[in-house]
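Undergrad: Below is model_4.cif; it holds mmCIF, C-alpha atoms.
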```cif
data_entry
loop_
_atom_site.label_atom_id
_atom_site.label_comp_id
_atom_site.auth_asym_id
_atom_site.auth_seq_id
_atom_site.Cartn_x
_atom_site.Cartn_y
_atom_site.Cartn_z
CA MET A 418 67.44 76.71 61.43
CA GLY A 419 69.64 73.80 62.39
CA ARG A 420 68.87 70.70 64.39
CA SER A 421 70.75 69.18 67.28
CA ARG A 422 73.42 66.74 66.23
CA ARG A 423 72.41 64.72 69.27
CA ALA A 424 68.87 64.25 67.98
CA PRO A 425 68.80 61.33 65.52
CA ARG A 426 65.14 61.95 64.73
CA HIS A 427 66.06 65.51 63.71
CA ARG A 428 63.44 67.07 65.89
CA PRO A 429 63.22 70.80 65.19
CA ARG A 430 64.31 73.42 67.67
CA HIS A 431 61.92 76.09 68.85
CA ARG A 432 64.35 78.93 68.42
CA SER A 433 63.69 82.30 66.91
CA ARG A 434 64.25 82.40 63.19
CA ARG A 435 66.89 85.05 63.60
CA ARG A 436 68.40 86.25 60.35
CA THR A 437 72.04 87.16 60.04
CA GLY A 438 73.67 89.73 57.83
CA ALA A 439 71.53 90.75 54.87
CA GLY A 440 68.71 88.47 56.02
CA ALA A 441 68.25 90.36 59.27
CA ALA A 442 68.27 93.67 57.43
CA ALA A 443 65.61 92.36 55.06
CA LEU A 444 63.39 91.32 57.97
CA ALA A 445 63.79 94.71 59.62
CA THR A 446 63.04 96.45 56.31
CA PHE A 447 59.88 94.51 55.59
CA LEU A 448 58.54 95.17 59.08
CA THR A 449 59.32 98.84 58.65
CA LEU A 450 57.42 98.82 55.37
CA SER A 451 54.62 96.75 56.80
CA LEU A 452 53.76 98.93 59.73
CA LEU A 453 54.71 102.46 58.78
CA GLY A 454 51.88 104.95 58.70
CA GLY A 455 51.14 107.37 55.87
CA CYS A 456 50.44 106.77 52.23
CA ALA A 457 52.06 104.16 50.04
CA GLU A 458 53.97 106.77 48.02
CA GLU A 459 55.59 108.14 51.19
CA ARG A 460 56.66 104.68 52.31
CA THR A 461 58.16 103.97 48.92
CA ALA A 462 60.21 107.16 49.04
CA ARG A 463 61.80 106.05 52.31
CA THR A 464 62.44 102.48 51.21
CA PRO A 465 65.92 101.19 50.37
CA ARG A 466 66.42 100.59 46.65
CA THR A 467 66.33 96.80 46.97
CA ASP A 468 62.77 96.85 48.37
CA THR A 469 61.27 99.58 46.21
CA ALA A 470 59.61 97.20 43.77
CA ALA A 471 57.83 95.32 46.54
CA ALA A 472 56.66 98.56 48.12
CA ASP A 473 55.45 99.86 44.74
CA ARG A 474 53.45 96.71 44.13
CA ALA A 475 51.88 96.83 47.57
CA GLY A 476 51.12 100.54 47.25
CA ALA A 477 49.48 100.07 43.87
CA GLU A 478 47.35 97.26 45.25
CA ALA A 479 46.29 99.30 48.25
CA LYS A 480 45.22 102.22 46.04
CA SER A 481 43.54 100.23 43.31
CA THR A 482 41.35 97.93 45.36
CA LYS A 483 39.03 97.87 48.32
CA GLU A 484 40.06 94.31 48.95
CA SER A 485 39.40 93.13 52.51
CA VAL A 486 42.02 91.59 54.77
CA ALA A 487 40.20 88.26 54.46
CA ASP A 488 40.30 88.32 50.66
CA PHE A 489 43.93 89.41 50.66
CA VAL A 490 44.98 86.63 53.05
CA ARG A 491 43.08 84.08 51.00
CA ARG A 492 44.76 85.29 47.78
CA THR A 493 48.28 85.57 49.22
CA LEU A 494 48.65 82.32 51.11
CA PRO A 495 49.74 79.25 49.11
CA GLU A 496 47.44 76.29 48.73
CA GLY A 497 47.92 73.80 51.56
CA VAL A 498 49.23 76.19 54.22
CA SER A 499 47.31 76.40 57.48
CA GLY A 500 47.14 78.71 60.48
CA THR A 501 45.54 81.90 61.79
CA VAL A 502 45.88 85.64 61.10
CA LEU A 503 44.84 88.49 63.41
CA ALA A 504 45.09 92.26 63.02
CA ALA A 505 44.02 95.09 65.33
CA ARG A 506 43.89 98.87 65.46
CA GLY A 507 44.52 100.11 68.97
CA ASP A 508 42.42 97.94 71.28
CA ARG A 509 39.91 97.04 68.56
CA LEU A 510 39.98 93.83 66.57
CA ALA A 511 40.19 94.56 62.83
CA TYR A 512 40.34 91.00 61.52
CA CYS A 513 40.80 87.44 62.70
CA GLY A 514 40.48 84.29 60.63
CA GLY A 515 41.79 80.78 60.28
CA PHE A 516 42.93 79.07 57.08
CA GLY A 517 43.44 75.40 56.40
CA SER A 518 43.25 72.79 59.13
CA SER A 519 44.51 72.54 62.67
CA ASP A 520 44.08 68.75 62.49
CA ARG A 521 43.68 67.23 59.04
CA ALA A 522 42.94 63.71 60.22
CA ALA A 523 40.03 64.95 62.32
CA GLY A 524 38.93 67.52 59.74
CA THR A 525 39.26 70.37 62.26
CA PRO A 526 39.56 73.79 60.63
CA ALA A 527 42.05 76.32 61.98
CA SER A 528 40.36 79.21 63.76
CA CYS A 529 40.98 82.15 66.06
CA ARG A 530 40.52 79.80 69.02
CA THR A 531 43.07 77.25 67.81
CA VAL A 532 45.92 76.78 70.28
CA TYR A 533 49.38 77.09 68.69
CA ASP A 534 52.97 76.89 69.81
CA VAL A 535 54.08 80.54 69.46
CA MET A 536 57.74 79.50 69.73
CA SER A 537 60.21 82.35 70.37
CA VAL A 538 57.41 84.88 70.77
CA THR A 539 57.53 83.37 74.29
CA LYS A 540 60.57 85.54 75.04
CA GLN A 541 58.45 88.67 75.43
CA PHE A 542 56.50 86.98 78.25
CA THR A 543 59.74 86.05 80.01
CA ALA A 544 61.07 89.59 79.65
CA ALA A 545 57.85 91.12 80.99
CA ALA A 546 57.96 88.76 83.98
CA VAL A 547 61.51 89.90 84.80
CA LEU A 548 60.44 93.55 84.71
CA LYS A 549 57.42 92.69 86.84
CA LEU A 550 59.76 91.25 89.46
CA GLU A 551 61.82 94.43 89.36
CA VAL A 552 58.67 96.51 89.89
CA MET A 553 57.85 94.23 92.85
CA GLY A 554 61.32 94.80 94.32
CA ARG A 555 62.40 91.17 93.95
CA LEU A 556 65.37 91.80 91.68
CA ARG A 557 67.24 94.47 89.74
CA LEU A 558 68.28 94.18 86.15
CA GLY A 559 71.83 95.05 87.14
CA ASP A 560 72.02 92.06 89.50
CA ARG A 561 74.65 89.50 88.65
CA ILE A 562 73.21 86.07 87.98
CA GLY A 563 75.14 84.53 90.86
CA ARG A 564 72.65 86.16 93.24
CA PHE A 565 70.02 83.69 92.02
CA LEU A 566 71.94 80.77 90.51
CA GLY A 567 74.60 80.14 93.11
CA PRO A 568 78.37 79.98 92.51
CA VAL A 569 79.25 81.14 89.01
CA PRO A 570 82.60 80.48 87.29
CA GLY A 571 84.88 83.45 86.73
CA ASP A 572 84.25 83.82 83.01
CA LYS A 573 80.54 84.27 83.73
CA GLY A 574 80.69 86.01 87.07
CA ALA A 575 79.97 89.43 85.55
CA ILE A 576 76.84 88.37 83.62
CA THR A 577 73.82 90.40 84.66
CA VAL A 578 70.10 89.81 84.37
CA GLU A 579 69.92 92.59 81.80
CA GLN A 580 72.58 90.96 79.65
CA LEU A 581 70.47 87.80 79.53
CA LEU A 582 67.50 89.93 78.40
CA THR A 583 69.47 91.59 75.60
CA HIS A 584 71.39 88.51 74.40
CA THR A 585 74.71 90.06 75.39
CA SER A 586 75.69 87.49 78.02
CA GLY A 587 78.00 85.60 75.66
CA LEU A 588 76.17 82.33 76.36
CA PRO A 589 75.65 79.82 73.53
CA GLU A 590 72.49 79.81 71.46
CA SER A 591 71.42 76.43 72.83
CA LEU A 592 72.66 73.38 74.71
CA GLY A 593 70.86 70.65 72.78
CA ASP A 594 67.49 69.67 71.41
CA ASP A 595 64.40 71.37 72.78
CA TYR A 596 62.88 68.05 73.80
CA ASP A 597 65.92 66.63 75.58
CA ARG A 598 64.92 65.67 79.11
CA VAL A 599 66.92 68.40 80.82
CA SER A 600 66.07 69.52 84.34
CA ARG A 601 66.47 73.06 85.61
CA ALA A 602 69.59 72.10 87.56
CA GLU A 603 71.10 70.46 84.48
CA LEU A 604 70.31 73.49 82.32
CA VAL A 605 71.94 75.87 84.79
CA ARG A 606 74.96 73.64 85.20
CA GLY A 607 75.39 73.25 81.45
CA ALA A 608 75.03 76.97 80.79
CA LEU A 609 77.59 77.90 83.42
CA ALA A 610 80.04 75.32 82.08
CA ALA A 611 79.64 76.29 78.41
CA LYS A 612 82.41 78.01 76.49
CA PRO A 613 81.58 81.73 76.19
CA ARG A 614 81.01 83.17 72.73
CA SER A 615 82.16 86.57 73.95
CA ALA A 616 82.80 88.44 77.18
CA PRO A 617 79.66 89.52 79.07
CA GLY A 618 78.18 92.73 77.69
CA ARG A 619 80.46 92.91 74.66
CA THR A 620 78.19 91.97 71.74
CA PHE A 621 74.83 90.55 70.71
CA HIS A 622 74.66 86.76 70.36
CA TYR A 623 71.11 85.39 70.26
CA SER A 624 70.78 82.91 73.11
CA ASN A 625 67.86 80.64 73.90
CA THR A 626 69.95 79.36 76.79
CA GLY A 627 70.04 82.84 78.29
CA TYR A 628 66.24 83.04 78.31
CA SER A 629 66.00 79.64 79.97
CA LEU A 630 68.31 81.00 82.69
CA LEU A 631 65.91 83.93 83.04
CA ALA A 632 63.09 81.44 83.65
CA ALA A 633 65.19 79.90 86.43
CA ILE A 634 65.86 83.36 87.89
CA ILE A 635 62.13 84.14 87.80
CA GLU A 636 61.53 81.04 89.90
CA GLU A 637 64.24 81.91 92.40
CA ALA A 638 63.19 85.54 92.75
CA SER A 639 59.46 84.83 92.99
CA GLY A 640 59.35 81.56 94.90
CA GLU A 641 56.93 80.26 92.25
CA THR A 642 57.28 78.13 89.17
CA TYR A 643 57.93 79.98 85.93
CA GLU A 644 54.49 79.31 84.48
CA SER A 645 52.67 79.97 87.73
CA PHE A 646 54.29 83.39 88.07
CA LEU A 647 53.43 84.35 84.50
CA SER A 648 49.90 83.07 84.91
CA ARG A 649 49.23 85.04 88.11
CA HIS A 650 50.99 88.28 87.31
CA LEU A 651 50.74 88.61 83.52
CA PHE A 652 48.17 86.35 81.92
CA ALA A 653 45.36 86.57 84.48
CA PRO A 654 45.37 90.40 84.68
CA ALA A 655 45.39 90.53 80.87
CA GLY A 656 42.44 88.13 80.63
CA MET A 657 44.58 85.53 78.83
CA LYS A 658 42.93 82.25 79.83
CA ARG A 659 44.33 80.30 76.88
CA THR A 660 48.07 80.92 77.26
CA GLY A 661 50.59 78.77 79.08
CA TYR A 662 52.30 75.41 79.10
CA VAL A 663 49.94 73.17 81.09
CA LEU A 664 47.84 75.35 83.42
CA PRO A 665 45.07 76.23 80.92
CA ARG A 666 44.27 72.51 80.39
CA TRP A 667 42.93 72.95 76.89
CA PRO A 668 40.85 70.21 75.28
CA ARG A 669 43.32 68.28 73.16
CA ARG A 670 41.26 68.88 70.01
CA LEU A 671 41.94 72.65 70.22
CA ILE A 672 45.74 72.29 69.99
CA ALA A 673 47.07 72.40 66.44
CA VAL A 674 48.89 69.44 64.95
CA GLU A 675 52.16 70.50 63.28
CA TYR A 676 53.11 69.31 59.80
CA ASP A 677 56.54 68.95 58.20
CA ASP A 678 57.59 70.04 54.71
CA ARG A 679 56.23 66.82 53.23
CA GLY A 680 52.85 67.32 54.86
CA ARG A 681 53.40 64.58 57.43
CA ALA A 682 51.82 65.06 60.84
CA GLN A 683 54.37 65.62 63.62
CA GLY A 684 51.87 65.65 66.45
CA ARG A 685 50.95 68.40 68.84
CA PRO A 686 53.57 70.17 70.98
CA VAL A 687 52.34 68.26 74.02
CA ASP A 688 52.96 64.95 72.23
CA HIS A 689 56.72 65.50 72.46
CA PRO A 690 58.68 64.85 75.66
CA TRP A 691 57.46 67.30 78.29
CA ALA A 692 57.78 67.33 82.05
CA ALA A 693 54.60 67.28 84.15
CA ASP A 694 54.68 71.08 84.41
CA GLY A 695 55.65 71.92 80.83
CA PRO A 696 58.56 71.55 78.44
CA TYR A 697 61.99 70.61 79.66
CA TRP A 698 64.53 73.33 80.30
CA ASN A 699 66.24 73.63 76.92
CA LEU A 700 62.92 75.12 75.82
CA ARG A 701 61.36 76.58 78.94
CA GLY A 702 61.41 80.37 79.09
CA ASN A 703 62.73 80.82 75.54
CA GLY A 704 59.95 79.11 73.57
CA GLY A 705 57.18 76.57 73.51
CA MET A 706 54.40 78.69 75.01
CA LEU A 707 50.95 77.74 73.74
CA SER A 708 48.44 80.46 72.97
CA THR A 709 45.64 81.62 70.67
CA ALA A 710 45.23 84.59 68.36
CA TYR A 711 42.62 86.12 70.65
CA ASP A 712 44.96 85.86 73.64
CA MET A 713 47.71 87.55 71.64
CA LEU A 714 45.28 90.42 71.10
CA ARG A 715 44.64 90.53 74.85
CA TRP A 716 48.40 90.64 75.41
CA HIS A 717 48.69 93.53 72.95
CA ARG A 718 45.97 95.41 74.83
CA ALA A 719 47.63 94.75 78.19
CA LEU A 720 50.87 96.24 76.89
CA SER A 721 49.00 99.38 75.87
CA ASP A 722 48.14 100.39 79.44
CA ASP A 723 49.11 99.60 83.03
CA THR A 724 47.39 96.21 83.17
CA VAL A 725 50.58 94.21 83.65
CA LEU A 726 53.36 96.81 83.86
CA PRO A 727 53.57 100.54 84.59
CA ALA A 728 54.48 102.85 81.73
CA LYS A 729 58.15 103.22 82.66
CA ALA A 730 58.64 99.46 82.72
CA ARG A 731 56.82 99.01 79.41
CA ASP A 732 59.01 101.68 77.85
CA ARG A 733 62.06 99.68 78.86
CA LEU A 734 60.71 96.58 77.11
CA PHE A 735 60.73 98.44 73.81
CA ALA A 736 63.84 100.59 74.24
CA PRO A 737 66.69 99.84 71.77
CA HIS A 738 69.17 98.51 74.34
CA VAL A 739 71.68 96.90 71.96
CA ARG A 740 72.29 97.06 68.23
CA VAL A 741 72.00 93.81 66.30
CA PRO A 742 75.16 93.29 64.23
CA GLY A 743 74.77 92.97 60.49
CA THR A 744 71.49 94.86 60.30
CA ASP A 745 70.52 98.33 59.15
CA GLY A 746 69.15 99.95 62.27
CA GLU A 747 67.71 96.92 64.07
CA SER A 748 68.11 96.77 67.85
CA TYR A 749 67.01 94.41 70.59
CA GLY A 750 64.95 95.53 73.55
CA TYR A 751 63.88 93.11 76.27
CA GLY A 752 62.32 90.16 74.45
CA TRP A 753 61.53 92.29 71.39
CA SER A 754 63.34 93.42 68.27
CA VAL A 755 62.83 97.16 67.80
CA ARG A 756 63.38 99.75 65.11
CA ASP A 757 62.82 103.51 65.05
CA THR A 758 61.12 104.93 61.97
CA ASP A 759 59.74 108.28 60.87
CA ASP A 760 56.36 107.18 62.20
CA GLY A 761 57.51 105.89 65.57
CA ARG A 762 58.93 102.75 67.07
CA LEU A 763 58.14 99.29 65.76
CA ALA A 764 58.49 96.18 67.91
CA TRP A 765 58.30 92.56 66.78
CA HIS A 766 59.47 89.03 67.31
CA ASP A 767 59.23 85.92 65.22
CA GLY A 768 59.63 82.25 65.98
CA GLY A 769 59.97 78.99 64.09
CA ASN A 770 60.80 75.35 64.55
CA GLY A 771 61.11 73.97 61.03
CA TRP A 772 57.42 73.02 60.94
CA SER A 773 55.57 76.05 62.27
CA LEU A 774 56.20 79.79 61.94
CA ALA A 775 54.83 82.80 63.85
CA LEU A 776 55.29 86.57 63.81
CA LEU A 777 53.91 89.28 66.08
CA ALA A 778 54.51 92.95 65.25
CA ARG A 779 53.30 96.15 66.93
CA ARG A 780 53.49 99.80 65.94
CA LEU A 781 53.77 101.54 69.28
CA PRO A 782 52.41 105.08 68.62
CA ASP A 783 48.98 104.00 67.41
CA GLY A 784 48.83 100.37 68.49
CA VAL A 785 48.63 98.61 65.12
CA LEU A 786 49.00 94.86 65.64
CA VAL A 787 49.70 92.12 63.10
CA PHE A 788 49.92 88.51 64.31
CA TRP A 789 50.01 85.37 62.24
CA VAL A 790 50.97 81.79 62.95
CA SER A 791 51.11 78.67 60.80
CA ASN A 792 51.24 75.01 61.85
CA HIS A 793 52.34 74.01 58.32
CA ALA A 794 54.67 76.71 57.02
CA TYR A 795 56.75 74.73 54.51
CA GLN A 796 56.03 72.45 51.54
CA LYS A 797 59.11 70.86 50.00
CA GLY A 798 59.65 71.98 46.41
CA LYS A 799 56.53 74.17 46.37
CA TRP A 800 56.47 76.96 48.93
CA ASN A 801 58.02 78.35 52.07
CA LEU A 802 55.91 80.76 54.12
CA GLU A 803 59.03 82.70 55.08
CA ASP A 804 59.29 83.79 51.46
CA ARG A 805 55.79 85.28 51.66
CA ALA A 806 56.15 86.87 55.07
CA GLN A 807 56.87 90.31 53.62
CA ASP A 808 53.87 90.37 51.29
CA LEU A 809 51.60 88.88 53.94
CA THR A 810 52.52 91.31 56.71
CA LEU A 811 52.71 94.34 54.43
CA GLY A 812 49.39 93.59 52.80
CA ILE A 813 47.55 93.06 56.07
CA ALA A 814 48.95 96.27 57.54
CA ASP A 815 48.10 98.27 54.42
CA ARG A 816 44.49 97.14 54.47
CA VAL A 817 44.04 97.67 58.19
CA GLY A 818 45.66 101.09 57.86
CA ALA A 819 43.46 101.99 54.88
CA ALA A 820 40.38 101.15 56.94
CA ARG A 821 41.45 103.80 59.46
CA ARG A 822 41.56 106.61 56.92
#
```
Using the file provided, produce a representation of the structure as structure tokens.

TA:
Amino acid sequence: MGRSRRAPRHRPRHRSRRRTGAGAAALATFLTLSLLGGCAEERTARTPRTDTAAADRAGAEAKSTKESVADFVRRTLPEGVSGTVLAARGDRLAYCGGFGSSDRAAGTPASCRTVYDVMSVTKQFTAAAVLKLEVMGRLRLGDRIGRFLGPVPGDKGAITVEQLLTHTSGLPESLGDDYDRVSRAELVRGALAAKPRSAPGRTFHYSNTGYSLLAAIIEEASGETYESFLSRHLFAPAGMKRTGYVLPRWPRRLIAVEYDDRGRAQGRPVDHPWAADGPYWNLRGNGGMLSTAYDMLRWHRALSDDTVLPAKARDRLFAPHVRVPGTDGESYGYGWSVRDTDDGRLAWHDGGNGWSLALLARRLPDGVLVFWVSNHAYQKGKWNLEDRAQDLTLGIADRVGAARR
């Protein structure tokens, strides 16, 4: 993931770690392997040739050992990494545990109550808020953005709310560093003045800027601030008291310190430039949300019934609205990547900022959940947690699945 050329300190950007080409296909494949039901031999038979060896190894492990999720996580993660892992079956917690430290200087261990930046996983909250507004009659996904953002130049006049949700607006990926002091008005003005990457609706181009525009539209349509609307209509009904930008008012000691690839502390997310009501607008709506593993489980449960959205609206979140170029069967829903498999639809999203890394994945038919987040995901010359994402996710899912049988 690149940095802003305007940021001399090379602050990382909280964008999704989207893969392109073969990389995106590999991510989709490992999530398919990770969360498919059935026995290991059946998964291997459906696996592309390039991933067969990994699937064989995981299948052999699953059959030959009664190893717990905790023991597997402890064995798989490299020495020095830190974060939290959670897994669930349906609405029941299967495992949750921390590893390493959330604050090394203070000697605070990471735990299931540690507050992390979940980065681009934030996009699913923004998408759900948009659908909530549609259910409330405040907007329609087919509305053109000019209804909420004022005069729009001709090359962007046809952009719809839905195109922002599916990354088909043609807007650029970003307009600068996440921590630039950009107001809502400046974000909107910059987005509308930016050179289009493609005509509206033509193709998928991942756009953090588009999701920040959605946050602005949420405010216009609701008459509330972005975080306030999410808090009242999504987080409170779901019982998520530890998710937000500033409203939860966590004790500072609970928020994880992030560490760079040399192990140097980079502070907590709230130590970087933020406005009084949360991050500035290059980040708001597309990333930067703070949450805990337990609240991510509550979110998973809320998406399994009518707690925050009726069934028809939830189905639209996870529908494959647009194919992602350069991948083998990956599509994008509303704030989620999705893939159809022999065992049903999988939905996931990841996020990263060059220091931290997070991934949330759900198997929709039976509600299997895997969530993990790290506040120190890279160690220069030694390890990169992205390289272990496949084994970590696959192994957790195998062991949780085995416990069901």

Undergrad: So which residues fall inside 12 Å of (40.7, 94.1, 65.5) if we count only C-alpha atoms? Mind giving them as number ranges by chain?

TA: A: 486, 502-514, 529, 710-711, 713-715, 717-718, 784-788, 813-814, 817-818, 820-821

Undergrad: Apply the PyMOL selection byres ((chain A and resi 589) around 12) to the structure shown and report the selected residues as an MDAnalysis selection string.

TA: chainID A and resid 581 584:588 590:593 607:617 621:630 699

Undergrad: Kindly indicate which residue among A:Ala778, A:Ala794, A:Ala544, A:Leu550 lies nearest to Glu641 (chain A), using only C-alpha atoms for the distances.

TA: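 Looking at the shortest contact to Glu641 (chain A), the residue is A:Leu550.
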
Undergrad: Quick one: pull the distance between CA of Pro782 (chain A) and CA of Trp765 (chain A), Å, one decimal.

TA: 14.0 Å

Undergrad: Name every residue that the PyMOL selection byres ((chain A and resi 657) around 9) selects in this structure, writing the answer as a ChimeraX atom specification with chains first and numbers rising.

TA: /A:648,651-656,658-660,708,711-713,715-716

Undergrad: Mind checking which residues fall within 10 Å of Pro727 (chain A), counting all atoms listed in the file, ignoring those fewer than 5 positions away in the same chain, and posting them as number ranges by chain?

TA: A: 548-549, 552, 720-722, 732

Undergrad: Please enumerate the residues selected by the PyMOL selection byres ((chain A and resi 516) around 7) when evaluated against the supplied file, formatted as a PyMOL selection string.

TA: chain A and resi 499-501+514-515+517-518+527

Undergrad: Give the answer as one residue: which of A:Asp783, A:Glu496, A:Asp678, A:Asp688 has the shortest atom-to-atom distance to Tyr795 (chain A), using all atoms listed in the file?

TA: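 Under the stated criterion, the closest residue is A:Asp678.
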
Undergrad: Work out how far apart CA of Tyr751 (chain A) and CA of Met706 (chain A) are and give it in Å to one decimal.

TA: 17.3 Å

Undergrad: How many Å separate CA of Ala764 (chain A) from CA of His793 (chain A)?

TA: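 Result for CA of Ala764 (chain A) versus CA of His793 (chain A): 24.9 Å, one decimal.
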
Undergrad: So, counting only C-alpha atoms, which residue among A:Arg685, A:Val547, A:Gly702, A:Thr620 is closest to Ser639 (chain A)?

TA: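 The answer is A:Val547, which sits nearest to Ser639 (chain A).
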
Undergrad: Which of these, A:Val578, A:Val741, A:Ala487, A:Leu671, has the shortest distance to Pro526 (chain A) once you count all atoms listed in the file?

TA: A:Leu671

Undergrad: Name the closest residue to Leu604 (chain A) among the candidates A:Arg561, A:Lys540, A:Arg701, A:Arg762; distances are taken between atoms, counting all atoms listed in the file.

TA: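 Closest to Leu604 (chain A) of all the choices is A:Arg701.
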
Undergrad: Pick out the closest residue to Phe542 (chain A) from this set: A:Lys729, A:His766, A:Arg681, A:Arg816. Count only C-alpha atoms.

TA: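 Using only C-alpha atoms, the shortest distance to Phe542 (chain A) belongs to A:His766.
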
Undergrad: Could you work out an axis-aligned box for region 532-537 of chain A, taking every atom the file lists and adding 5 Å on each side, and report centre and edge lengths in Å to one decimal, as AutoDock Vina command-line options?

TA:
```
--center_x 53.1 --center_y 79.6 --center_z 69.5 --size_x 24.3 --size_y 15.6 --size_z 11.7
```

Undergrad: Dig up all the protein and nucleic acid residues within 9 Å of (56.9, 77.0, 76.1) in the file frame, using all atoms listed in the file, and format them as a short mmCIF file (atom, residue, chain, number, x, y, z; two decimals) with C-alpha atoms, keeping the file's coordinate frame.

TA:
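Saved file part28.cif follows:
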```cif
data_model
loop_
_atom_site.label_atom_id
_atom_site.label_comp_id
_atom_site.auth_asym_id
_atom_site.auth_seq_id
_atom_site.Cartn_x
_atom_site.Cartn_y
_atom_site.Cartn_z
CA HIS A 431 61.92 76.09 68.85
CA ASP A 534 52.97 76.89 69.81
CA VAL A 535 54.08 80.54 69.46
CA MET A 536 57.74 79.50 69.73
CA SER A 537 60.21 82.35 70.37
CA THR A 539 57.53 83.37 74.29
CA GLY A 661 50.59 78.77 79.08
CA TYR A 662 52.30 75.41 79.10
CA GLY A 695 55.65 71.92 80.83
CA PRO A 696 58.56 71.55 78.44
CA TYR A 697 61.99 70.61 79.66
CA LEU A 700 62.92 75.12 75.82
CA ARG A 701 61.36 76.58 78.94
CA GLY A 702 61.41 80.37 79.09
CA ASN A 703 62.73 80.82 75.54
CA GLY A 704 59.95 79.11 73.57
CA GLY A 705 57.18 76.57 73.51
CA MET A 706 54.40 78.69 75.01
CA LEU A 707 50.95 77.74 73.74
#
```
